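> Next comes protein_3.cif, mmCIF, C-alpha atoms:
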data_model
loop_
_atom_site.label_atom_id
_atom_site.label_comp_id
_atom_site.auth_asym_id
_atom_site.auth_seq_id
_atom_site.Cartn_x
_atom_site.Cartn_y
_atom_site.Cartn_z
CA MET A 1 98.79 127.68 83.68
CA ILE A 2 95.67 129.65 82.81
CA LYS A 3 96.39 132.93 81.03
CA ASN A 4 94.10 135.92 80.59
CA ASN A 5 93.21 139.11 78.74
CA MET A 6 92.28 141.02 81.85
CA LYS A 7 94.66 143.90 81.30
CA VAL A 8 93.30 144.54 77.78
CA LEU A 9 89.69 144.23 78.94
CA ARG A 10 90.35 146.58 81.85
CA ALA A 11 91.81 149.16 79.51
CA LYS A 12 88.89 148.80 77.07
CA ASN A 13 86.34 149.20 79.86
CA ASN A 14 88.35 151.86 81.67
CA VAL A 15 88.39 149.94 84.94
CA THR A 16 91.28 150.17 87.41
CA GLN A 17 92.65 147.19 89.34
CA GLU A 18 91.29 148.71 92.55
CA GLU A 19 87.78 149.09 91.12
CA LEU A 20 87.78 145.57 89.71
CA ALA A 21 89.02 144.17 93.01
CA ASP A 22 86.27 145.99 94.93
CA ARG A 23 83.57 144.79 92.53
CA VAL A 24 84.55 141.11 92.69
CA GLY A 25 85.42 141.15 96.41
CA VAL A 26 89.14 140.47 96.39
CA THR A 27 92.26 142.50 97.10
CA ARG A 28 94.12 144.52 94.44
CA GLN A 29 97.12 142.20 94.94
CA THR A 30 95.00 139.27 93.78
CA ILE A 31 93.96 141.09 90.59
CA LEU A 32 97.63 141.95 90.00
CA ALA A 33 98.68 138.33 90.58
CA ILE A 34 96.02 137.05 88.13
CA GLU A 35 97.06 139.59 85.47
CA LYS A 36 100.68 138.52 85.82
CA ASN A 37 99.64 134.85 85.52
CA LYS A 38 101.02 134.11 88.97
CA TYR A 39 97.70 132.97 90.40
CA SER A 40 94.87 130.98 88.81
CA PRO A 41 91.53 132.24 90.13
CA SER A 42 88.72 129.97 91.30
CA LEU A 43 85.89 129.31 88.86
CA LYS A 44 83.59 131.62 90.79
CA LEU A 45 86.06 134.49 90.69
CA ALA A 46 86.72 133.87 86.99
CA PHE A 47 82.98 134.02 86.25
CA ASP A 48 82.61 137.17 88.38
CA ILE A 49 85.43 138.88 86.48
CA ALA A 50 83.94 137.90 83.11
CA LYS A 51 80.56 139.23 84.24
CA ILE A 52 82.08 142.61 85.12
CA PHE A 53 83.45 142.91 81.55
CA ASN A 54 80.17 141.59 80.13
CA VAL A 55 81.91 138.85 78.14
CA GLY A 56 82.11 135.05 78.29
CA ILE A 57 84.63 133.45 80.60
CA GLU A 58 86.57 132.04 77.60
CA GLU A 59 87.13 135.60 76.34
CA VAL A 60 88.91 136.49 79.57
CA PHE A 61 90.72 133.26 80.42
CA TYR A 62 92.45 130.77 78.14
CA THR A 63 95.06 128.05 78.32
CA ASN A 64 98.34 127.92 76.40
CA GLU A 65 96.91 125.45 73.87
CA GLU A 66 94.05 127.75 72.94
CA LYS A 67 96.17 130.63 71.55
CA MET B 1 85.40 150.35 109.50
CA LYS B 2 88.30 150.33 107.03
CA VAL B 3 90.57 147.28 106.74
CA GLU B 4 93.61 149.37 107.77
CA THR B 5 91.84 150.58 110.92
CA TYR B 6 90.92 147.01 111.80
CA LYS B 7 94.51 145.84 111.31
CA ASN B 8 95.86 148.69 113.49
CA ILE B 9 93.36 147.97 116.27
CA LYS B 10 94.28 144.26 116.08
CA LYS B 11 98.01 145.08 116.42
CA VAL B 12 97.41 147.29 119.48
CA MET B 13 95.15 144.65 121.04
CA ALA B 14 97.69 141.87 120.43
CA LEU B 15 100.42 143.95 122.10
CA THR B 16 98.15 144.71 125.06
CA LEU B 17 97.26 141.02 125.31
CA ALA B 18 100.94 140.05 125.34
CA PHE B 19 101.71 142.53 128.15
CA VAL B 20 98.73 141.36 130.21
CA LEU B 21 99.70 137.70 129.73
CA VAL B 22 103.30 138.31 130.80
CA TYR B 23 102.10 140.29 133.83
CA ALA B 24 99.51 137.64 134.77
CA PHE B 25 101.96 134.74 134.55
CA SER B 26 104.59 136.68 136.51
CA GLN B 27 101.98 137.17 139.25
CA GLY B 28 101.04 133.49 139.13
CA SER B 29 97.50 134.22 137.97
CA TYR B 30 95.94 131.74 135.57
CA LEU B 31 92.37 133.03 135.58
CA LEU B 32 93.27 136.46 134.19
CA PRO B 33 94.88 135.05 130.98
CA LEU B 34 91.79 132.95 130.29
CA LEU B 35 89.52 135.95 130.74
CA VAL B 36 91.72 138.24 128.65
CA ILE B 37 92.10 135.72 125.80
CA GLY B 38 88.32 135.15 125.76
CA LEU B 39 87.69 138.91 125.70
CA TYR B 40 90.30 139.38 122.94
CA MET B 41 88.69 136.71 120.75
CA ALA B 42 85.20 138.13 121.32
CA ILE B 43 86.27 141.69 120.43
CA ILE B 44 88.17 140.53 117.31
CA SER B 45 85.13 138.52 116.12
CA LEU B 46 82.91 141.55 116.66
CA LEU B 47 85.30 143.90 114.84
CA LYS B 48 85.58 141.49 111.88
CA THR B 49 81.85 141.79 111.25
CA ARG B 50 82.15 145.57 111.02
CA VAL B 51 84.97 145.72 108.48
CA ASP B 52 84.10 147.19 105.06
CA GLY B 53 86.37 145.42 102.63
CA VAL B 54 88.19 142.17 102.07
CA LEU B 55 90.16 140.78 105.00
CA ALA B 56 91.38 137.60 103.31
CA ASP B 57 90.48 136.67 99.75
CA GLU B 58 90.89 133.29 98.03
CA ARG B 59 94.51 133.92 97.03
CA GLN B 60 95.50 134.73 100.61
CA VAL B 61 93.64 131.65 101.86
CA SER B 62 95.47 129.54 99.25
CA VAL B 63 98.84 131.01 100.31
CA SER B 64 98.01 130.36 103.95
CA GLU B 65 97.07 126.73 103.17
CA LYS B 66 100.35 126.15 101.33
CA ALA B 67 102.35 127.73 104.17
CA SER B 68 100.55 125.53 106.73
CA GLN B 69 101.21 122.43 104.65
CA VAL B 70 104.93 123.17 104.26
CA SER B 71 105.24 124.02 107.99
CA PHE B 72 103.60 120.70 108.87
CA GLN B 73 105.81 118.78 106.45
CA ILE B 74 108.93 120.33 107.97
CA LEU B 75 107.91 120.28 111.64
CA MET B 76 106.57 116.73 111.92
CA PRO B 77 109.63 114.82 110.61
CA MET B 78 111.89 117.11 112.67
CA LEU B 79 109.92 116.38 115.84
CA ALA B 80 109.75 112.66 115.06
CA LEU B 81 113.50 112.51 114.44
CA THR B 82 114.25 114.45 117.63
CA ALA B 83 111.91 112.17 119.59
CA ALA B 84 113.65 109.07 118.23
CA MET B 85 117.11 110.48 118.99
CA LEU B 86 116.14 111.43 122.53
CA TYR B 87 114.50 108.05 123.14
CA ILE B 88 117.46 106.07 121.82
CA GLY B 89 120.09 108.37 123.36
CA GLY B 90 118.45 108.73 126.76
CA GLY B 91 119.37 106.15 129.35
CA ASN B 92 117.65 104.84 132.42
CA GLY B 93 120.09 106.29 134.94
CA GLU B 94 120.96 109.91 135.59
CA PHE B 95 119.53 111.18 132.28
CA TYR B 96 116.23 109.28 132.43
CA TYR B 97 114.32 112.51 131.72
CA ILE B 98 115.84 112.68 128.22
CA LYS B 99 114.17 109.39 127.36
CA ALA B 100 110.92 110.66 128.92
CA LEU B 101 111.16 113.80 126.80
CA GLY B 102 111.55 111.61 123.72
CA ILE B 103 108.38 109.72 124.64
CA VAL B 104 106.47 112.98 125.20
CA LEU B 105 107.66 114.33 121.83
CA SER B 106 106.62 111.12 120.07
CA TYR B 107 103.13 111.43 121.59
CA ILE B 108 102.98 115.03 120.32
CA VAL B 109 103.89 113.78 116.83
CA CYS B 110 101.15 111.13 117.05
CA LEU B 111 98.65 113.78 118.18
CA GLY B 112 99.66 116.01 115.26
CA LEU B 113 99.16 113.16 112.80
CA ILE B 114 95.79 112.23 114.32
CA ILE B 115 94.60 115.86 114.06
CA TYR B 116 95.83 115.96 110.44
CA LEU B 117 94.02 112.72 109.57
CA LEU B 118 90.80 113.86 111.25
CA THR B 119 90.79 117.27 109.54
CA TYR B 120 91.72 115.62 106.21
CA TRP B 121 88.80 113.19 106.60
CA TYR B 122 86.42 116.05 107.49
CA PHE B 123 87.39 118.30 104.58
CA ASP B 124 87.51 115.34 102.18
CA ARG B 125 83.91 114.48 103.04
CA LYS B 126 82.90 118.15 102.92
CA SER B 127 84.35 118.44 99.41
CA GLY B 128 82.41 115.42 98.17
CA GLY B 129 85.10 112.78 98.64
CA ARG B 130 83.97 109.19 99.29
CA SER B 131 80.35 110.09 98.55
CA LYS B 132 78.24 107.38 96.90
#
How does the structure come out when it is put into structure tokens?

Amino acid sequence: MIKNNMKVLRAKNNVTQEELADRVGVTRQTILAIEKNKYSPSLKLAFDIAKIFNVGIEEVFYTNEEK
Amino acid sequence: MKVETYKNIKKVMALTLAFVLVYAFSQGSYLLPLLVIGLYMAIISLLKTRVDGVLADERQVSVSEKASQVSFQILMPMLALTAAMLYIGGGNGEFYYIKALGIVLSYIVCLGLIIYLLTYWYFDRKSGGRSK
């Protein structure tokens, strides 16, 4: 399962789930599901999310082996 | 148009469609349902283009795909089993129609499998499968 730092990055950038969802074109439920590691996003969505936070994709998403 | 507004309009339209269909069939009319269903689909397609927001994102599509797959995996063996039971259990005498029903059900199962294979082949090719 792919894990992520989205919650931390959202807090740092002062972005709500709703705002992030609107900016990447998904529903708030999807952002919530990704943050809770219940849904692995597509590559495109992962890149879009990383772009919003202005960081590389590997800084947002990682696998269990990486940490 | 907001997503919520679209969903509410769709609910009202679906209810209206159901009432019209029941009325039309009770009156023995078969042209009216065709017209109403066509009109319903046209209006829904038009409304979809005017929605500001996300109607179904990739997670919802993924959930829908999984639900369809599980439904298919449950329904097809059940239908096949029922068809076999009806075919074997049905005789040629008074209850000949039971055997006929079994045959019809088995054709439906075959049709379902053919549609599955065709759509699988199409999406496999579309996703780069079997490409040289």
> Show me, as a short mmCIF file (atom, residue, chain, number, x, y, z; two decimals) with C-alpha atoms, in the frame of the given file, every residue of chain A with an atom at most 10 Å from chain B, counting all atoms listed in the file.

data_model
loop_
_atom_site.label_atom_id
_atom_site.label_comp_id
_atom_site.auth_asym_id
_atom_site.auth_seq_id
_atom_site.Cartn_x
_atom_site.Cartn_y
_atom_site.Cartn_z
CA ALA A 21 89.02 144.17 93.01
CA ASP A 22 86.27 145.99 94.93
CA GLY A 25 85.42 141.15 96.41
CA VAL A 26 89.14 140.47 96.39
CA THR A 27 92.26 142.50 97.10
CA ARG A 28 94.12 144.52 94.44
CA GLN A 29 97.12 142.20 94.94
CA THR A 30 95.00 139.27 93.78
CA ILE A 31 93.96 141.09 90.59
CA ALA A 33 98.68 138.33 90.58
CA ILE A 34 96.02 137.05 88.13
CA TYR A 39 97.70 132.97 90.40
CA SER A 40 94.87 130.98 88.81
CA PRO A 41 91.53 132.24 90.13
CA SER A 42 88.72 129.97 91.30
CA LEU A 45 86.06 134.49 90.69
#
> Name all residues at most 8 Å from Tyr87 in chain B (count only C-alpha atoms; drop same-chain ones fewer than 6 positions away) and give them as an mmCIF file with C-alpha atoms, keeping the file's coordinate frame.

data_model
loop_
_atom_site.group_PDB
_atom_site.id
_atom_site.type_symbol
_atom_site.label_atom_id
_atom_site.label_comp_id
_atom_site.auth_asym_id
_atom_site.auth_seq_id
_atom_site.Cartn_x
_atom_site.Cartn_y
_atom_site.Cartn_z
ATOM 1 C CA ILE B 98 115.840 112.680 128.220
ATOM 2 C CA LYS B 99 114.170 109.390 127.360
ATOM 3 C CA ALA B 100 110.920 110.660 128.920
ATOM 4 C CA LEU B 101 111.160 113.800 126.800
ATOM 5 C CA GLY B 102 111.550 111.610 123.720
ATOM 6 C CA ILE B 103 108.380 109.720 124.640
#
> Can you spell out as a list in words the set of residues that the PyMOL selection byres ((chain A and resi 47) around 12) selects in the structure I just provided?
Val24, Pro41, Ser42, Leu43, Lys44, Leu45, Ala46, Asp48, Ile49, Ala50, Lys51, Ile52, Phe53, Asn54, Val55, Gly56, Ile57, Glu58, Glu59, Val60 and Phe61 of chain A
> Report, in Å to a single decimal, how far apart CA of Glu65 in chain B and CA of Glu18 in chain A are.
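About the pair CA of Glu18 in chain A and CA of Glu65 in chain B: they are 25.1 Å apart.
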> What would the selection look like, as an mmCIF file with C-alpha atoms, keeping the file's coordinate frame, if the PyMOL selection byres ((chain B and resi 13-16) around 12) were run on the coordinates I just shared?

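The new file expr-v7.cif reads:
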data_model
loop_
_atom_site.group_PDB
_atom_site.id
_atom_site.type_symbol
_atom_site.label_atom_id
_atom_site.label_comp_id
_atom_site.auth_asym_id
_atom_site.auth_seq_id
_atom_site.Cartn_x
_atom_site.Cartn_y
_atom_site.Cartn_z
ATOM 1 C CA TYR B 6 90.920 147.010 111.800
ATOM 2 C CA LYS B 7 94.510 145.840 111.310
ATOM 3 C CA ASN B 8 95.860 148.690 113.490
ATOM 4 C CA ILE B 9 93.360 147.970 116.270
ATOM 5 C CA LYS B 10 94.280 144.260 116.080
ATOM 6 C CA LYS B 11 98.010 145.080 116.420
ATOM 7 C CA VAL B 12 97.410 147.290 119.480
ATOM 8 C CA LEU B 17 97.260 141.020 125.310
ATOM 9 C CA ALA B 18 100.940 140.050 125.340
ATOM 10 C CA PHE B 19 101.710 142.530 128.150
ATOM 11 C CA VAL B 20 98.730 141.360 130.210
ATOM 12 C CA LEU B 21 99.700 137.700 129.730
ATOM 13 C CA VAL B 22 103.300 138.310 130.800
ATOM 14 C CA TYR B 23 102.100 140.290 133.830
ATOM 15 C CA PRO B 33 94.880 135.050 130.980
ATOM 16 C CA VAL B 36 91.720 138.240 128.650
ATOM 17 C CA ILE B 37 92.100 135.720 125.800
ATOM 18 C CA LEU B 39 87.690 138.910 125.700
ATOM 19 C CA TYR B 40 90.300 139.380 122.940
ATOM 20 C CA MET B 41 88.690 136.710 120.750
ATOM 21 C CA ALA B 42 85.200 138.130 121.320
ATOM 22 C CA ILE B 43 86.270 141.690 120.430
ATOM 23 C CA ILE B 44 88.170 140.530 117.310
ATOM 24 C CA LEU B 47 85.300 143.900 114.840
#
> Expressed in Å to a single decimal, how great is the separation between CA of Ile74 in chain B and CA of Trp121 in chain B?
21.4 Å
> For CA of Lys48 in chain B and CA of Glu4 in chain B, quote the distance in Å rounded to one decimal.
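Taking CA of Lys48 in chain B as the start and CA of Glu4 in chain B as the end point, the length is 12.0 Å.
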> Give as a PyMOL selection string every residue, naming chains and numbers as the document does, that has an atom within 12 Å of (97.0, 115.4, 108.2), counting all atoms listed in the file.
chain B and resi 68-73+76+109-124
> Do you know which residues are at most 8 Å from Ala80 in chain B counting only C-alpha atoms, after dropping those on the same chain fewer than 3 positions away, and could you put them as a list in words?
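Here the qualifying residues turn out to be Met76, Pro77, Ala83, Ala84, Leu105, Ser106 and Val109 of chain B.
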> Out of B:Val3, B:Gly91, B:Gly129, B:Leu81, which residue has the shortest atom-to-atom distance to Arg50 in chain B when counting only C-alpha atoms?
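Checking each of B:Val3, B:Gly91, B:Gly129, B:Leu81 against Arg50 in chain B, counting only C-alpha atoms, the winner is B:Val3.
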> I'd like the neighbourhood of Glu65 in chain A as an NGL selection string, where a residue qualifies if any of its atoms comes within 12 Å (using all atoms listed in the file), though same-chain residues fewer than 6 positions away should be ignored.
:A and (1-3)
